[in-house]
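A.B. asks: Next comes start24.txt, compact mmCIF, C-alpha atoms and all ligand atoms:
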```
# COMPACT_ATOMS: atom_id res chain seq x y z
CA MET A 1 14.52 -23.50 -17.07
CA ASN A 2 15.22 -20.53 -14.82
CA ALA A 3 18.95 -19.81 -15.12
CA PHE A 4 18.85 -17.42 -12.15
CA PRO A 5 19.23 -18.48 -8.54
CA SER A 6 15.74 -18.33 -7.04
CA LEU A 7 17.12 -17.13 -3.68
CA LYS A 8 17.62 -13.71 -5.25
CA LEU A 9 13.95 -13.39 -5.96
CA ILE A 10 11.85 -11.65 -3.33
CA ASP A 11 8.67 -13.67 -3.55
CA GLY A 12 5.78 -11.29 -2.92
CA LYS A 13 3.17 -14.00 -3.40
CA ALA A 14 4.68 -16.19 -0.69
CA THR A 15 5.19 -13.27 1.70
CA ALA A 16 1.63 -12.02 1.10
CA ALA A 17 0.35 -15.53 1.84
CA ARG A 18 2.25 -15.44 5.17
CA VAL A 19 0.83 -12.00 6.01
CA LEU A 20 -2.70 -13.19 5.19
CA ALA A 21 -2.19 -16.30 7.34
CA GLU A 22 -1.15 -14.03 10.26
CA VAL A 23 -4.27 -11.90 9.69
CA ARG A 24 -6.49 -15.02 9.48
CA GLU A 25 -5.09 -16.23 12.82
CA GLN A 26 -5.82 -12.89 14.52
CA VAL A 27 -9.30 -12.70 13.00
CA ASP A 28 -10.06 -16.26 14.20
CA SER A 29 -9.00 -15.30 17.70
CA LEU A 30 -11.16 -12.13 17.62
CA ARG A 31 -14.13 -14.12 16.35
CA ARG A 32 -13.74 -16.63 19.18
CA GLY A 33 -14.15 -13.60 21.45
CA GLY A 34 -17.33 -12.62 19.61
CA MET A 35 -15.89 -9.87 17.42
CA GLN A 36 -15.60 -9.85 13.62
CA PRO A 37 -13.59 -7.06 11.96
CA ALA A 38 -15.38 -5.40 9.05
CA LEU A 39 -14.20 -3.47 6.01
CA ALA A 40 -16.44 -1.19 3.94
CA VAL A 41 -15.45 -0.66 0.31
CA VAL A 42 -17.09 2.25 -1.52
CA LEU A 43 -17.08 2.26 -5.32
CA VAL A 44 -18.47 5.16 -7.31
CA GLY A 45 -19.13 4.48 -11.01
CA GLN A 46 -18.40 1.65 -13.42
CA ASP A 47 -14.64 1.89 -14.03
CA ALA A 48 -13.67 -1.63 -15.16
CA ALA A 49 -10.27 -1.76 -13.42
CA SER A 50 -11.78 -0.42 -10.17
CA GLN A 51 -14.47 -3.11 -10.26
CA VAL A 52 -11.76 -5.79 -10.50
CA TYR A 53 -9.78 -4.23 -7.62
CA VAL A 54 -12.89 -4.05 -5.44
CA ARG A 55 -13.85 -7.64 -6.23
CA ASN A 56 -10.35 -8.82 -5.30
CA LYS A 57 -10.40 -6.89 -2.02
CA VAL A 58 -13.78 -8.32 -1.07
CA LEU A 59 -12.66 -11.86 -1.97
CA ARG A 60 -9.45 -11.54 0.04
CA ALA A 61 -11.37 -10.20 3.03
CA ALA A 62 -13.69 -13.22 2.91
CA GLU A 63 -10.68 -15.56 2.77
CA VAL A 64 -9.25 -14.18 6.01
CA GLY A 65 -12.62 -13.96 7.77
CA ILE A 66 -13.04 -10.18 7.61
CA ARG A 67 -16.64 -9.15 6.94
CA SER A 68 -16.89 -6.83 3.96
CA LEU A 69 -19.58 -4.42 2.99
CA GLU A 70 -19.72 -3.16 -0.59
CA GLN A 71 -21.31 0.21 -1.27
CA ARG A 72 -21.74 0.67 -5.03
CA LEU A 73 -22.90 4.10 -6.09
CA PRO A 74 -23.77 5.35 -9.60
CA SER A 75 -21.22 7.51 -11.45
CA ASP A 76 -23.47 10.59 -11.21
CA THR A 77 -23.58 10.41 -7.40
CA GLU A 78 -23.44 13.91 -5.88
CA GLN A 79 -20.45 14.60 -3.67
CA ALA A 80 -22.77 15.45 -0.76
CA ASP A 81 -24.40 12.01 -1.04
CA LEU A 82 -21.01 10.28 -1.06
CA LEU A 83 -19.98 12.28 2.01
CA GLY A 84 -23.25 11.19 3.63
CA VAL A 85 -22.40 7.51 3.00
CA ILE A 86 -18.94 8.01 4.52
CA GLU A 87 -20.40 9.77 7.56
CA GLN A 88 -22.77 6.86 8.13
CA LEU A 89 -19.87 4.38 7.91
CA ASN A 90 -17.80 6.56 10.27
CA ARG A 91 -20.58 6.39 12.85
CA ASP A 92 -21.24 2.65 12.47
CA PRO A 93 -19.37 0.91 15.33
CA ALA A 94 -19.52 -2.41 13.45
CA ILE A 95 -17.36 -1.01 10.60
CA ASN A 96 -13.62 -0.88 11.31
CA GLY A 97 -12.16 0.07 7.93
CA ILE A 98 -13.39 2.35 5.15
CA LEU A 99 -11.86 2.37 1.70
CA VAL A 100 -13.04 4.62 -1.14
CA GLN A 101 -11.83 3.14 -4.40
CA LEU A 102 -9.91 5.66 -6.53
CA PRO A 103 -10.14 7.27 -9.02
CA LEU A 104 -13.43 9.03 -8.33
CA PRO A 105 -15.51 10.59 -11.14
CA GLY A 106 -14.23 14.03 -12.16
CA HIS A 107 -17.02 16.06 -10.52
CA ILE A 108 -16.04 14.77 -7.05
CA ASP A 109 -13.25 16.38 -5.00
CA GLU A 110 -11.07 13.40 -4.07
CA HIS A 111 -9.21 15.25 -1.32
CA GLN A 112 -12.41 16.30 0.43
CA VAL A 113 -13.76 12.74 0.27
CA LEU A 114 -10.59 11.20 1.70
CA GLN A 115 -10.53 13.83 4.47
CA ALA A 116 -14.10 12.84 5.41
CA ILE A 117 -13.04 9.31 6.39
CA SER A 118 -12.40 8.93 10.11
CA PRO A 119 -8.58 8.71 10.54
CA LEU A 120 -9.12 5.66 12.77
CA LYS A 121 -10.96 3.86 9.91
CA ASP A 122 -8.71 5.15 7.10
CA VAL A 123 -7.25 1.79 6.00
CA ASP A 124 -5.59 3.39 2.94
CA GLY A 125 -3.68 5.81 5.20
CA PHE A 126 -4.48 8.80 2.96
CA HIS A 127 -6.11 11.11 5.56
CA SER A 128 -3.86 14.06 6.39
CA ALA A 129 -3.98 13.13 10.10
CA ASN A 130 -2.37 9.79 9.18
CA VAL A 131 0.04 11.37 6.69
CA GLY A 132 1.12 13.79 9.43
CA GLY A 133 1.29 10.99 11.99
CA LEU A 134 3.57 8.99 9.71
CA ALA A 135 5.83 12.03 9.23
CA GLN A 136 6.02 12.36 13.04
CA GLY A 137 6.79 8.65 13.45
CA ARG A 138 3.57 7.92 15.37
CA ASP A 139 1.71 4.61 15.29
CA VAL A 140 -0.90 5.36 12.60
CA LEU A 141 -2.50 3.69 9.59
CA THR A 142 0.01 3.90 6.71
CA PRO A 143 -0.57 3.34 2.96
CA CYS A 144 -0.74 -0.34 2.01
CA THR A 145 1.78 -0.51 -0.87
CA PRO A 146 4.74 1.07 0.96
CA SER A 147 3.86 -0.87 4.12
CA GLY A 148 4.00 -4.06 2.04
CA CYS A 149 7.35 -3.00 0.56
CA MET A 150 8.74 -2.51 4.08
CA ARG A 151 7.76 -6.06 5.01
CA LEU A 152 9.48 -7.40 1.86
CA LEU A 153 12.60 -5.40 2.71
CA ARG A 154 12.69 -6.50 6.35
CA ASP A 155 12.31 -10.14 5.30
CA ALA A 156 14.99 -9.81 2.58
CA CYS A 157 17.55 -7.61 4.39
CA GLY A 158 16.87 -8.03 8.09
CA GLU A 159 18.39 -4.90 9.62
CA LEU A 160 17.74 -1.75 7.56
CA ARG A 161 19.46 0.72 9.90
CA GLY A 162 22.08 2.90 8.20
CA LYS A 163 21.37 1.59 4.70
CA HIS A 164 21.17 4.17 1.92
CA ALA A 165 17.71 3.87 0.35
CA VAL A 166 16.88 5.69 -2.88
CA VAL A 167 13.17 6.06 -3.69
CA ILE A 168 12.29 6.95 -7.29
CA GLY A 169 8.90 8.74 -7.35
CA ARG A 170 7.26 11.17 -4.94
CA SER A 171 3.53 10.38 -5.19
CA ASN A 172 1.35 10.62 -2.08
CA ILE A 173 0.34 6.97 -2.50
CA VAL A 174 3.77 5.35 -2.84
CA GLY A 175 6.91 7.51 -3.05
CA LYS A 176 6.45 9.92 -0.13
CA PRO A 177 5.10 7.41 2.43
CA MET A 178 7.78 4.91 1.32
CA ALA A 179 10.48 7.50 2.06
CA ALA A 180 8.91 8.26 5.46
CA LEU A 181 8.78 4.56 6.41
CA LEU A 182 12.40 4.03 5.37
CA LEU A 183 13.42 7.05 7.42
CA GLN A 184 11.52 5.62 10.39
CA ALA A 185 13.56 2.41 9.91
CA ASP A 186 16.76 4.49 10.28
CA CYS A 187 17.75 4.39 6.61
CA THR A 188 19.48 7.31 4.94
CA VAL A 189 16.87 8.29 2.37
CA THR A 190 17.16 10.03 -0.99
CA VAL A 191 14.00 10.75 -2.98
CA VAL A 192 14.39 11.35 -6.73
CA HIS A 193 11.78 12.27 -9.34
CA SER A 194 11.26 13.48 -12.89
CA ARG A 195 13.15 16.75 -12.23
CA SER A 196 16.19 15.16 -10.58
CA HIS A 197 19.52 15.43 -12.41
CA ASP A 198 21.59 12.39 -13.32
CA LEU A 199 19.25 9.72 -11.98
CA PRO A 200 21.58 6.79 -12.80
CA ALA A 201 24.37 8.32 -10.65
CA LEU A 202 21.98 9.00 -7.74
CA CYS A 203 20.54 5.48 -7.95
CA ARG A 204 24.00 3.87 -8.09
CA GLN A 205 24.49 5.08 -4.49
CA ALA A 206 21.61 2.94 -3.28
CA ASP A 207 21.92 -0.10 -1.02
CA ILE A 208 18.12 -0.29 -1.38
CA LEU A 209 16.39 0.98 -4.52
CA VAL A 210 12.60 1.39 -4.53
CA SER A 211 11.10 2.39 -7.86
CA ALA A 212 7.55 3.80 -8.09
CA VAL A 213 7.51 5.56 -11.43
CA GLY A 214 5.33 3.74 -13.95
CA LYS A 215 7.79 3.64 -16.87
CA PRO A 216 8.57 0.22 -18.32
CA ARG A 217 12.21 -0.87 -17.86
CA LEU A 218 13.41 2.67 -17.13
CA ILE A 219 16.10 1.33 -14.80
CA GLY A 220 18.94 -0.49 -16.49
CA ALA A 221 22.14 -2.12 -15.24
CA ASP A 222 24.01 1.22 -15.23
CA TRP A 223 21.63 2.52 -12.49
CA LEU A 224 22.54 -0.25 -10.04
CA LYS A 225 25.33 -0.79 -7.55
CA PRO A 226 26.31 -4.46 -7.33
CA GLY A 227 24.61 -6.01 -4.29
CA VAL A 228 21.66 -3.59 -4.28
CA VAL A 229 18.25 -4.77 -3.07
CA VAL A 230 15.60 -3.72 -5.59
CA ILE A 231 11.90 -3.24 -4.87
CA ASP A 232 10.03 -2.59 -8.11
CA VAL A 233 6.60 -1.09 -7.42
CA GLY A 234 5.94 -0.15 -11.05
CA ILE A 235 3.27 -2.03 -12.98
CA ASN A 236 3.38 -1.35 -16.72
CA ARG A 237 1.50 -3.13 -19.46
CA ILE A 238 3.49 -3.48 -22.70
CA GLU A 239 3.06 -5.25 -26.03
CA GLU A 240 6.00 -7.54 -26.71
CA ASP A 241 6.50 -10.41 -29.16
CA GLY A 242 2.88 -10.02 -30.20
CA ARG A 243 1.46 -10.36 -26.72
CA SER A 244 0.49 -8.13 -23.85
CA ARG A 245 2.45 -8.50 -20.60
CA LEU A 246 3.20 -6.72 -17.34
CA VAL A 247 6.68 -5.43 -16.57
CA GLY A 248 8.13 -3.26 -13.82
CA ASP A 249 10.13 -0.03 -13.90
CA VAL A 250 13.32 -2.08 -13.67
CA ASP A 251 14.82 -4.03 -16.55
CA PHE A 252 14.59 -7.30 -14.64
CA ALA A 253 16.94 -9.37 -16.82
CA ALA A 254 19.63 -6.66 -16.68
CA ALA A 255 19.25 -6.17 -12.91
CA LEU A 256 19.20 -9.79 -11.82
CA PRO A 257 22.93 -10.52 -12.18
CA LEU A 258 23.78 -7.38 -10.18
CA ALA A 259 21.15 -7.27 -7.45
CA ALA A 260 21.47 -9.11 -4.14
CA ALA A 261 17.69 -9.48 -4.21
CA ILE A 262 14.89 -8.19 -6.41
CA THR A 263 11.10 -8.28 -6.66
CA PRO A 264 9.63 -9.62 -9.91
CA VAL A 265 6.69 -7.99 -11.71
CA PRO A 266 4.17 -9.52 -11.45
CA GLY A 267 4.43 -11.47 -8.19
CA GLY A 268 6.46 -8.97 -6.17
CA VAL A 269 4.92 -5.88 -4.57
CA GLY A 270 1.43 -6.36 -6.10
CA PRO A 271 0.16 -9.14 -3.79
CA MET A 272 1.49 -7.29 -0.73
CA THR A 273 -0.78 -4.29 -1.23
CA ILE A 274 -3.99 -6.22 -0.69
CA ALA A 275 -2.45 -8.25 2.15
CA TYR A 276 -1.62 -4.99 3.95
CA LEU A 277 -5.16 -3.73 3.40
CA MET A 278 -6.30 -6.68 5.49
CA LYS A 279 -3.57 -6.04 8.07
CA ASN A 280 -4.59 -2.36 8.22
CA THR A 281 -8.21 -3.35 8.89
CA LEU A 282 -7.02 -5.21 12.00
CA LEU A 283 -4.78 -2.31 13.00
CA ALA A 284 -7.76 0.05 12.57
CA LEU A 285 -9.82 -2.11 14.93
CA ASP A 286 -6.98 -2.08 17.44
CA LEU A 287 -6.61 1.73 17.23
CA GLN A 288 -10.39 2.12 17.69
CA GLN A 289 -10.30 -0.10 20.77
CA GLN A 290 -7.40 1.93 22.21
CA ALA A 291 -9.30 5.19 21.55
CA ALA A 292 -12.45 3.81 23.23
CA GLN A 293 -10.36 2.71 26.23
CA ARG A 294 -8.81 6.20 26.51
CA GLU A 295 -12.29 7.73 26.38
CA ARG A 296 -13.56 5.40 29.14
CA THR A 297 -10.53 6.25 31.30
CA ALA A 298 -11.04 9.98 30.72
CA CYS A 299 -14.74 9.68 31.69
CA HIS A 300 -13.86 8.00 34.98
CA SER A 301 -11.05 10.29 36.01
CA PRO A 302 -11.98 13.30 38.17
CA CYS A 303 -12.09 16.57 36.22
P1 LIG B 1 2.47 8.65 -10.01
O1 LIG B 1 2.31 8.83 -11.47
O2 LIG B 1 1.55 9.31 -9.07
O3 LIG B 1 3.97 9.07 -9.60
C1 LIG B 1 5.06 8.73 -10.42
C2 LIG B 1 6.31 9.38 -9.87
O4 LIG B 1 7.38 9.02 -10.72
C3 LIG B 1 6.25 10.90 -9.83
O5 LIG B 1 6.77 11.37 -8.61
C4 LIG B 1 7.13 11.34 -11.00
O6 LIG B 1 7.85 12.52 -10.78
C5 LIG B 1 8.10 10.19 -11.08
N1 LIG B 1 8.63 10.05 -12.45
C6 LIG B 1 7.95 10.03 -13.61
N2 LIG B 1 8.78 9.87 -14.65
C7 LIG B 1 10.03 9.82 -14.13
C8 LIG B 1 11.31 9.65 -14.69
N3 LIG B 1 11.51 9.53 -16.02
N4 LIG B 1 12.37 9.63 -13.86
C9 LIG B 1 12.19 9.75 -12.51
N5 LIG B 1 10.99 9.88 -11.93
C10 LIG B 1 9.93 9.92 -12.73
O7 LIG B 1 2.46 7.06 -9.80
P2 LIG B 1 2.20 6.17 -8.47
O8 LIG B 1 3.18 6.53 -7.42
O9 LIG B 1 0.78 6.14 -8.15
O10 LIG B 1 2.58 4.74 -9.07
C11 LIG B 1 3.87 4.45 -9.58
C12 LIG B 1 3.88 3.07 -10.21
O11 LIG B 1 3.57 2.12 -9.21
C13 LIG B 1 2.83 2.86 -11.31
O12 LIG B 1 3.37 1.98 -12.26
C14 LIG B 1 1.68 2.18 -10.60
O13 LIG B 1 0.91 1.37 -11.46
C15 LIG B 1 2.45 1.34 -9.61
N6 LIG B 1 1.69 1.00 -8.39
C16 LIG B 1 1.72 -0.29 -8.00
C17 LIG B 1 1.06 -0.68 -6.87
C18 LIG B 1 1.15 -2.10 -6.45
O14 LIG B 1 0.31 -2.56 -5.69
N7 LIG B 1 2.18 -2.82 -6.87
C19 LIG B 1 0.26 0.26 -6.08
C20 LIG B 1 0.37 1.64 -6.52
C21 LIG B 1 1.05 1.98 -7.66
P3 LIG B 1 7.16 13.98 -10.64
O15 LIG B 1 6.57 14.00 -9.25
O16 LIG B 1 8.29 14.91 -10.82
O17 LIG B 1 6.12 14.05 -11.73
```
As a first step, turn the structure in this file into structure tokens.
C.D. replies:
Amino acid sequence: MNAFPSLKLIDGKATAARVLAEVREQVDSLRRGGMQPALAVVLVGQDAASQVYVRNKVLRAAEVGIRSLEQRLPSDTEQADLLGVIEQLNRDPAINGILVQLPLPGHIDEHQVLQAISPLKDVDGFHSANVGGLAQGRDVLTPCTPSGCMRLLRDACGELRGKHAVVIGRSNIVGKPMAALLLQADCTVTVVHSRSHDLPALCRQADILVSAVGKPRLIGADWLKPGVVVIDVGINRIEEDGRSRLVGDVDFAAALPLAAAITPVPGGVGPMTIAYLMKNTLLALDLQQQAAQRERTACHSPC
């Protein structure tokens, strides 16, 4: 029996299901108008984990009615050929979102590939135009995991304004965009990392603690202020009691009595990432329609 009150748990699976239902509704309405959003997923090589991720993305897209196009390329694909595939997808008006599954084989320059994706189709939000747009607080495509975390936080806390949020980790995929989104939501934001001094003391200041480190159970009870809301992005596989299991960065059992609310691992942030990929595909379509409208208006206005 679960001795802990379930209300404290932030249920990522249930929230992701709600997000996907919202997406499904919007896709149905678009399809009634004769338009079906489409997502292209590009996979280079045979990496086993990447194949699972791609399969899950394609399955989820089908569930919500988004058309998906898989482009599987051999691991010895030349960078120029990959850039050619992306250029073709950029030009294809029937494709709304482009995702290149990472990591790429070592001979390919990841940055150059991500920069080749049209910012309006960049559903991962990794293009520097979108990174810059997020920093400026503009309405752009933002990375899926932190966007999913924001939805969990808004549902759990309601108003975020004025809360002190501490983000552990400063990666381009999670930590930095998470900090930018929290700042946009009027939080006071502290970002800490492997070179920060006295992490427990810094984290004890947090009303909201987001951990994106990748170290199993790094965060114990002495890192937490009573009443904190904890979002654990970390996914770590450990061997325990003779079996393999997934745990977060936070020592869940130690945190639960202290936290006002907390995400479990698994079943917390994980399901939100893919749900926000679907949401971003719809947002990409919307941004493309707005851009096309602006272009039409510009063409008709006198020079
Ligand atoms: P990175 O390895 O890119 O970044 C980890 C960050 O944690 C770095 O900024 C690093 O600091 C910091 N760090 C490392 N060790 C410590 C420490 N002891 N104390 C404080 N900070 C530390 O990882 P990602 O951001 O890509 O991912 C983080 C975790 O989130 C992983 O477990 C990953 O699997 C998971 N993840 C989960 C997703 C989901 O859908 N739920 C999606 C994406 C990631 P420094 O910069 O100084 O090196």
A.B. asks: Give the answer as one residue: which of A:Ala292, A:Ile95, A:Ala49, A:Ala165 has the shortest atom-to-atom distance to ligand LIG 1 (chain B), using all atoms listed in the file?
C.D. replies: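 Using all atoms listed in the file, ligand LIG 1 (chain B) sits closest to A:Ala49.
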A.B. asks: Residues of segment 72-114 of chain A that approach segment 21-42 of chain A to 9 Å or less, counting only C-alpha atoms: could you list each one with the shortest pair of atoms and its distance in Å to one decimal, rows by chain and increasing residue number, as a Markdown table?
C.D. replies:
```
| residue | atom | partner | partner_atom | distance |
| --- | --- | --- | --- | --- |
| A:Arg72 | CA | A:Val42 | CA | 6.0 |
| A:Leu73 | CA | A:Val42 | CA | 7.6 |
| A:Leu82 | CA | A:Val42 | CA | 8.9 |
| A:Val85 | CA | A:Val42 | CA | 8.7 |
| A:Ile86 | CA | A:Val42 | CA | 8.5 |
| A:Leu89 | CA | A:Ala40 | CA | 7.7 |
| A:Ala94 | CA | A:Ala38 | CA | 6.7 |
| A:Ile95 | CA | A:Ala38 | CA | 5.1 |
| A:Asn96 | CA | A:Ala38 | CA | 5.4 |
| A:Gly97 | CA | A:Leu39 | CA | 4.5 |
| A:Ile98 | CA | A:Ala40 | CA | 4.8 |
| A:Leu99 | CA | A:Val41 | CA | 4.9 |
| A:Val100 | CA | A:Val42 | CA | 4.7 |
| A:Gln101 | CA | A:Val42 | CA | 6.1 |
```
A.B. asks: Take the residues from that selection and put them in a file with C-alpha atoms, as a tab-separated table (two decimals), in the coordinates of the input.
C.D. replies:
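Result written to out.tsv:
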```
chain	number	residue	atom	x	y	z
A	72	ARG	CA	-21.74	0.67	-5.03
A	73	LEU	CA	-22.90	4.10	-6.09
A	82	LEU	CA	-21.01	10.28	-1.06
A	85	VAL	CA	-22.40	7.51	3.00
A	86	ILE	CA	-18.94	8.01	4.52
A	89	LEU	CA	-19.87	4.38	7.91
A	94	ALA	CA	-19.52	-2.41	13.45
A	95	ILE	CA	-17.36	-1.01	10.60
A	96	ASN	CA	-13.62	-0.88	11.31
A	97	GLY	CA	-12.16	0.07	7.93
A	98	ILE	CA	-13.39	2.35	5.15
A	99	LEU	CA	-11.86	2.37	1.70
A	100	VAL	CA	-13.04	4.62	-1.14
A	101	GLN	CA	-11.83	3.14	-4.40
```
A.B. asks: Have a look at A:Ala80, A:Cys203, A:Leu114, A:Ile208 and name the one nearest to Glu159 of chain A; count only C-alpha atoms.
C.D. replies: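 Among A:Ala80, A:Cys203, A:Leu114, A:Ile208, it is A:Ile208 that comes nearest to Glu159 of chain A.
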A.B. asks: What does the structure give for the distance between atom CA of His164 of chain A and atom CA of Leu141 of chain A, in Å to one decimal?
C.D. replies: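 Taking atom CA of His164 of chain A as the start and atom CA of Leu141 of chain A as the end point, the length is 24.9 Å.
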A.B. asks: In Å, with one decimal, what is the gap from atom CA of Arg237 of chain A to atom CA of Val192 of chain A?
C.D. replies: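 Between these atoms lies a distance of 23.2 Å.
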A.B. asks: Residues within 9 Å of ligand LIG 1 (chain B), counting only C-alpha atoms and all ligand atoms: report them as a PyMOL selection string.
C.D. replies: chain A and resi 144-146+148+168-176+192-196+199+211-216+218+232-236+248-249+265-266+268-274
A.B. asks: Choose the residue, out of A:Gly125, A:Pro200, A:Gly267, A:Gly133, that has the smallest atom-to-atom separation from Ala16 of chain A; count all atoms listed in the file.
C.D. replies: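 Looking at the shortest contact to Ala16 of chain A, the residue is A:Gly267.
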A.B. asks: Identify which of the residues A:Gln293, A:Gln288, A:Val19, A:Ala221 lies closest to Ser118 of chain A, counting all atoms listed in the file when measuring atom-to-atom distances.
C.D. replies: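 Among the listed residues, the smallest separation from Ser118 of chain A belongs to A:Gln288.
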A.B. asks: Show me the residues close to (18.6, -12.7, -2.0) - anything with an atom within 12 Å, counting only C-alpha atoms - and format the list as a short mmCIF file (atom, residue, chain, number, x, y, z; two decimals) with C-alpha atoms, keeping the file's coordinate frame.
C.D. replies:
```cif
data_model
loop_
_atom_site.label_atom_id
_atom_site.label_comp_id
_atom_site.auth_asym_id
_atom_site.auth_seq_id
_atom_site.Cartn_x
_atom_site.Cartn_y
_atom_site.Cartn_z
CA PHE A 4 18.85 -17.42 -12.15
CA PRO A 5 19.23 -18.48 -8.54
CA SER A 6 15.74 -18.33 -7.04
CA LEU A 7 17.12 -17.13 -3.68
CA LYS A 8 17.62 -13.71 -5.25
CA LEU A 9 13.95 -13.39 -5.96
CA ILE A 10 11.85 -11.65 -3.33
CA ASP A 11 8.67 -13.67 -3.55
CA LEU A 152 9.48 -7.40 1.86
CA LEU A 153 12.60 -5.40 2.71
CA ARG A 154 12.69 -6.50 6.35
CA ASP A 155 12.31 -10.14 5.30
CA ALA A 156 14.99 -9.81 2.58
CA CYS A 157 17.55 -7.61 4.39
CA GLY A 158 16.87 -8.03 8.09
CA GLY A 227 24.61 -6.01 -4.29
CA VAL A 228 21.66 -3.59 -4.28
CA VAL A 229 18.25 -4.77 -3.07
CA VAL A 230 15.60 -3.72 -5.59
CA ILE A 231 11.90 -3.24 -4.87
CA LEU A 256 19.20 -9.79 -11.82
CA PRO A 257 22.93 -10.52 -12.18
CA LEU A 258 23.78 -7.38 -10.18
CA ALA A 259 21.15 -7.27 -7.45
CA ALA A 260 21.47 -9.11 -4.14
CA ALA A 261 17.69 -9.48 -4.21
CA ILE A 262 14.89 -8.19 -6.41
CA THR A 263 11.10 -8.28 -6.66
#
```
A.B. asks: Around (-9.5, -1.1, -9.9) in the file's frame, which residues reach within 12 Å when counting all atoms listed in the file? Return as a list of chain:residue names?
C.D. replies: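 Within the cut-off we find A:Val41, A:Val42, A:Leu43, A:Val44, A:Gly45, A:Gln46, A:Asp47, A:Ala48, A:Ala49, A:Ser50, A:Gln51, A:Val52, A:Tyr53, A:Val54, A:Arg55, A:Asn56, A:Lys57, A:Val100, A:Gln101, A:Leu102, A:Pro103, A:Leu104, A:Ile274.
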A.B. asks: Could you tell me how far atom CA of Asp222 of chain A sits from atom CA of Ala201 of chain A, in Å to one decimal place?
C.D. replies: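 According to the coordinates, atom CA of Ala201 of chain A and atom CA of Asp222 of chain A are separated by 8.5 Å.
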A.B. asks: Have a look at A:Gly65, A:Pro226, A:Pro177, A:Pro119 and name the one nearest to Ala255 of chain A; count only C-alpha atoms.
C.D. replies: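 Once distances to Ala255 of chain A are computed over only C-alpha atoms, the minimum belongs to A:Pro226.
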A.B. asks: Could you pull the residues within 9 Å of Leu202 of chain A, counting only C-alpha atoms, minus those fewer than 3 positions along the same chain, as a list of chain:residue names?
C.D. replies: A:Val166, A:Thr190, A:Val192, A:Ser196, A:His197, A:Asp198, A:Leu199, A:Gln205, A:Ala206, A:Trp223
A.B. asks: The centre and edge lengths of an axis-aligned box containing all atoms of segment 88-99 of chain A present in the file, extended by 6 Å on each side, are to be given in Å to one decimal, as JSON.
C.D. replies:
```
{"center_x": -17.3, "center_y": 2.2, "center_z": 8.5, "size_x": 22.9, "size_y": 21.3, "size_z": 25.6}
```
A.B. asks: Would you please work out which residue, of A:Met150, A:Leu134, A:Met278, A:Ala129, is nearest to Arg67 of chain A when using all atoms listed in the file?
C.D. replies: A:Met278
A.B. asks: Restricted to N, CA and C atoms, what does segment 210-222 of chain A look like when written out as a tab-separated table (two decimals), in the first residue's frame?
C.D. replies:
```
chain	number	residue	atom	x	y	z
A	210	VAL	N	14.06	22.34	-9.73
A	210	VAL	CA	14.05	21.53	-10.95
A	210	VAL	C	15.43	20.91	-11.08
A	211	SER	N	15.49	19.59	-11.10
A	211	SER	CA	16.80	18.95	-11.21
A	211	SER	C	16.97	18.28	-12.56
A	212	ALA	N	18.02	18.65	-13.28
A	212	ALA	CA	18.35	18.03	-14.58
A	212	ALA	C	19.85	17.76	-14.59
A	213	VAL	N	20.24	16.76	-13.84
A	213	VAL	CA	21.66	16.45	-13.64
A	213	VAL	C	22.03	15.11	-14.26
A	214	GLY	N	21.30	14.06	-13.86
A	214	GLY	CA	21.66	12.72	-14.33
A	214	GLY	C	22.54	11.99	-13.33
A	215	LYS	N	22.28	12.23	-12.03
A	215	LYS	CA	23.01	11.52	-10.96
A	215	LYS	C	21.97	10.94	-10.00
A	216	PRO	N	21.95	9.60	-9.89
A	216	PRO	CA	20.89	8.98	-9.09
A	216	PRO	C	20.88	9.44	-7.64
A	217	ARG	N	19.74	9.91	-7.19
A	217	ARG	CA	19.48	10.27	-5.78
A	217	ARG	C	20.51	11.23	-5.20
A	218	LEU	N	20.99	12.15	-6.06
A	218	LEU	CA	21.94	13.17	-5.60
A	218	LEU	C	21.32	14.05	-4.51
A	219	ILE	N	20.02	14.32	-4.68
A	219	ILE	CA	19.37	15.32	-3.82
A	219	ILE	C	18.64	14.65	-2.67
A	220	GLY	N	19.17	14.89	-1.46
A	220	GLY	CA	18.57	14.29	-0.27
A	220	GLY	C	17.73	15.30	0.48
A	221	ALA	N	17.22	14.87	1.63
A	221	ALA	CA	16.31	15.71	2.43
A	221	ALA	C	16.96	17.04	2.82
A	222	ASP	N	18.29	17.02	3.07
A	222	ASP	CA	18.96	18.24	3.54
A	222	ASP	C	19.11	19.29	2.43
```
